[in-house]
Amino acid sequence: MTRRFTHALACLYALIACVLLRCAVVSYQQGALHYAIFFTAAAVAFGTAIVHHSYLRDELRFAHAQLDAATRPRAATLVEDGVQAAFAASWCCDAWAATAGADHDPEHCTRKDHHA
């Protein structure tokens, strides 16, 4: 909905700029130089508004993309998954996980039934 509205607004700006340029040409042909300058300046202002509108639309799209990327959870890579799986598989009990294997003999572990 918003995209259609912004495109319609840009088209409206372009249409108004064309009408103002037509008014400037007619004013110049009739000898009203001051009006011709005014209408030309107004047409240039609407042309600038089209460019500015397009720039802001692109900035808004970029901001939405950054927000979407920042709020989406990061997917773990296959290497990270493999390292975590191998590390978890090497645990024999809660004590080994808590002490990182220090002062622990996995061959004679009495708590093998208590996996983390």
# chains A, B, ... in the order shown; residues from 1 in each chain; ligands from 1
$ residues_around --residues "A:Phe38" --least-positions-apart "4" --cutoff "8 Å" --atoms "only C-alpha atoms" --output "PyMOL selection string"
chain A and resi 24+34+42
$ write_last_selection --atoms "N, CA, C and O atoms" --output "PDB file, in the first residue's frame"
ATOM      1  N   ALA A  24       4.853  28.318 -17.580  1.00  0.00           N
ATOM      2  CA  ALA A  24       6.027  29.169 -17.787  1.00  0.00           C
ATOM      3  C   ALA A  24       6.202  29.507 -19.263  1.00  0.00           C
ATOM      4  O   ALA A  24       6.497  30.665 -19.621  1.00  0.00           O
ATOM      5  N   HIS A  34       8.224  37.835 -15.540  1.00  0.00           N
ATOM      6  CA  HIS A  34       8.253  37.559 -14.105  1.00  0.00           C
ATOM      7  C   HIS A  34       7.471  36.293 -13.772  1.00  0.00           C
ATOM      8  O   HIS A  34       7.909  35.463 -12.965  1.00  0.00           O
ATOM      9  N   ALA A  42       9.168  27.169  -9.728  1.00  0.00           N
ATOM     10  CA  ALA A  42       8.271  26.217  -9.068  1.00  0.00           C
ATOM     11  C   ALA A  42       8.406  24.823  -9.686  1.00  0.00           C
ATOM     12  O   ALA A  42       8.394  23.807  -8.975  1.00  0.00           O
TER      13      ALA A  42
END
$ residues_around --residues "A:Leu21" --least-positions-apart "5" --cutoff "8 Å" --atoms "only C-alpha atoms" --output "ChimeraX atom specification"
/A:39-40,43
